[in-house]
Amino acid sequence: MIDLDPDAMTPLYVQLANVLRDRIRSGEIPVGRRLPSQSELEAETGGTVSRRTIKTALEVLVDEGLVQGVQGKGVYVIALPGGPQA
């Protein structure tokens, strides 16, 4: 379960990106593994965030060079935060 605080000053997409980044850093989602799908992430948040919020969080991680989308397959971890690329 992903607990996000809708009343926090930090936007929900940033909170979600932080959770996913932490999962990557800890090895819970290792390099080469697919991230949960948008619908899986929506379910993990208890439906409290929109798909647009999830997409924006994933775009943050893409911009950081941590993940890469593969058309029709999902979003995959390609690097560790602050580490070398896979």
# chains A, B, ... in the order shown; residues from 1 in each chain; ligands from 1

call {"tool": "select_by_dssp", "arguments": {"residues": "chain A", "states": "alpha helix (DSSP H)", "output": "JSON, numbers by chain"}}
result
{"A": [12, 13, 14, 15, 16, 17, 18, 19, 20, 21, 22, 23, 24, 25, 26, 38, 39, 40, 41, 42, 43, 44, 51, 52, 53, 54, 55, 56, 57, 58, 59, 60, 61, 62, 63]}

call {"tool": "select_by_dssp", "arguments": {"residues": "chain A", "states": "strand (DSSP E or B)", "output": "PyMOL selection string"}}
result
chain A and resi 34+67-70+74-77+79+85

call {"tool": "atom_distance", "arguments": {"atom1": "atom CA of Leu80 of chain A", "atom2": "atom CA of Gly65 of chain A"}}
result
8.9 Å

call {"tool": "residues_around", "arguments": {"residues": "Pro6 of chain A", "least_positions_apart": "2", "cutoff": "12 Å", "atoms": "only C-alpha atoms", "output": "VMD selection string"}}
result
chain A and resid 3 to 4 8 to 16 45 48 to 49 53

call {"tool": "write_last_selection", "arguments": {"atoms": "N, CA, C and O atoms", "output": "short mmCIF file (atom, residue, chain, number, x, y, z; two decimals), in the first residue's frame"}}
result
data_model
loop_
_atom_site.label_atom_id
_atom_site.label_comp_id
_atom_site.auth_asym_id
_atom_site.auth_seq_id
_atom_site.Cartn_x
_atom_site.Cartn_y
_atom_site.Cartn_z
N ASP A 3 0.91 5.10 0.92
CA ASP A 3 0.18 6.13 1.65
C ASP A 3 0.69 7.50 1.23
O ASP A 3 1.87 7.81 1.43
N LEU A 4 -0.18 8.29 0.63
CA LEU A 4 0.14 9.65 0.23
C LEU A 4 -0.71 10.60 1.06
O LEU A 4 -1.83 10.26 1.44
N ALA A 8 -0.66 17.46 2.40
CA ALA A 8 0.74 17.92 2.52
C ALA A 8 1.02 19.04 1.52
O ALA A 8 0.34 19.18 0.51
N MET A 9 2.06 19.80 1.81
CA MET A 9 2.49 20.88 0.90
C MET A 9 3.11 20.28 -0.37
O MET A 9 3.10 20.90 -1.41
N THR A 10 3.66 19.06 -0.26
CA THR A 10 4.29 18.40 -1.39
C THR A 10 3.21 17.82 -2.29
O THR A 10 2.34 17.08 -1.82
N PRO A 11 3.25 18.14 -3.60
CA PRO A 11 2.23 17.60 -4.52
C PRO A 11 2.22 16.07 -4.52
O PRO A 11 3.25 15.43 -4.29
N LEU A 12 1.05 15.51 -4.79
CA LEU A 12 0.90 14.05 -4.78
C LEU A 12 1.85 13.37 -5.76
O LEU A 12 2.41 12.31 -5.46
N TYR A 13 2.06 13.95 -6.96
CA TYR A 13 2.93 13.31 -7.92
C TYR A 13 4.37 13.25 -7.42
O TYR A 13 5.08 12.27 -7.67
N VAL A 14 4.80 14.26 -6.65
CA VAL A 14 6.15 14.26 -6.08
C VAL A 14 6.23 13.20 -4.98
O VAL A 14 7.22 12.46 -4.89
N GLN A 15 5.19 13.11 -4.15
CA GLN A 15 5.16 12.08 -3.11
C GLN A 15 5.26 10.69 -3.72
O GLN A 15 6.02 9.84 -3.24
N LEU A 16 4.51 10.46 -4.79
CA LEU A 16 4.52 9.15 -5.45
C LEU A 16 5.88 8.88 -6.09
O LEU A 16 6.41 7.77 -5.97
N THR A 45 -2.52 2.91 -4.21
CA THR A 45 -2.81 4.16 -3.50
C THR A 45 -4.25 4.19 -3.00
O THR A 45 -4.69 5.22 -2.48
N THR A 48 -6.70 6.90 -4.54
CA THR A 48 -6.72 8.29 -4.08
C THR A 48 -6.06 9.25 -5.07
O THR A 48 -6.15 10.46 -4.88
N VAL A 49 -5.37 8.73 -6.09
CA VAL A 49 -4.73 9.60 -7.07
C VAL A 49 -5.22 9.23 -8.47
O VAL A 49 -5.59 8.10 -8.74
N THR A 53 -1.91 11.93 -12.31
CA THR A 53 -0.93 12.11 -11.24
C THR A 53 0.13 11.03 -11.30
O THR A 53 1.33 11.31 -11.17
#

call {"tool": "residues_around", "arguments": {"residues": "segment 66-77 of chain A", "least_positions_apart": "4", "cutoff": "8 Å", "atoms": "only C-alpha atoms", "output": "ChimeraX atom specification"}}
result
/A:24,29-37,58,61-62,81

call {"tool": "atom_distance", "arguments": {"atom1": "atom CA of Ala57 of chain A", "atom2": "atom CA of Ala17 of chain A"}}
result
4.8 Å

call {"tool": "atom_distance", "arguments": {"atom1": "atom CA of Gln38 of chain A", "atom2": "atom CA of Met1 of chain A"}}
result
14.0 Å

call {"tool": "closest_residue", "arguments": {"among": "A:Asp63, A:Val19, A:Gly82, A:Ser26", "to": "Leu41 of chain A", "atoms": "only C-alpha atoms"}}
result
A:Val19
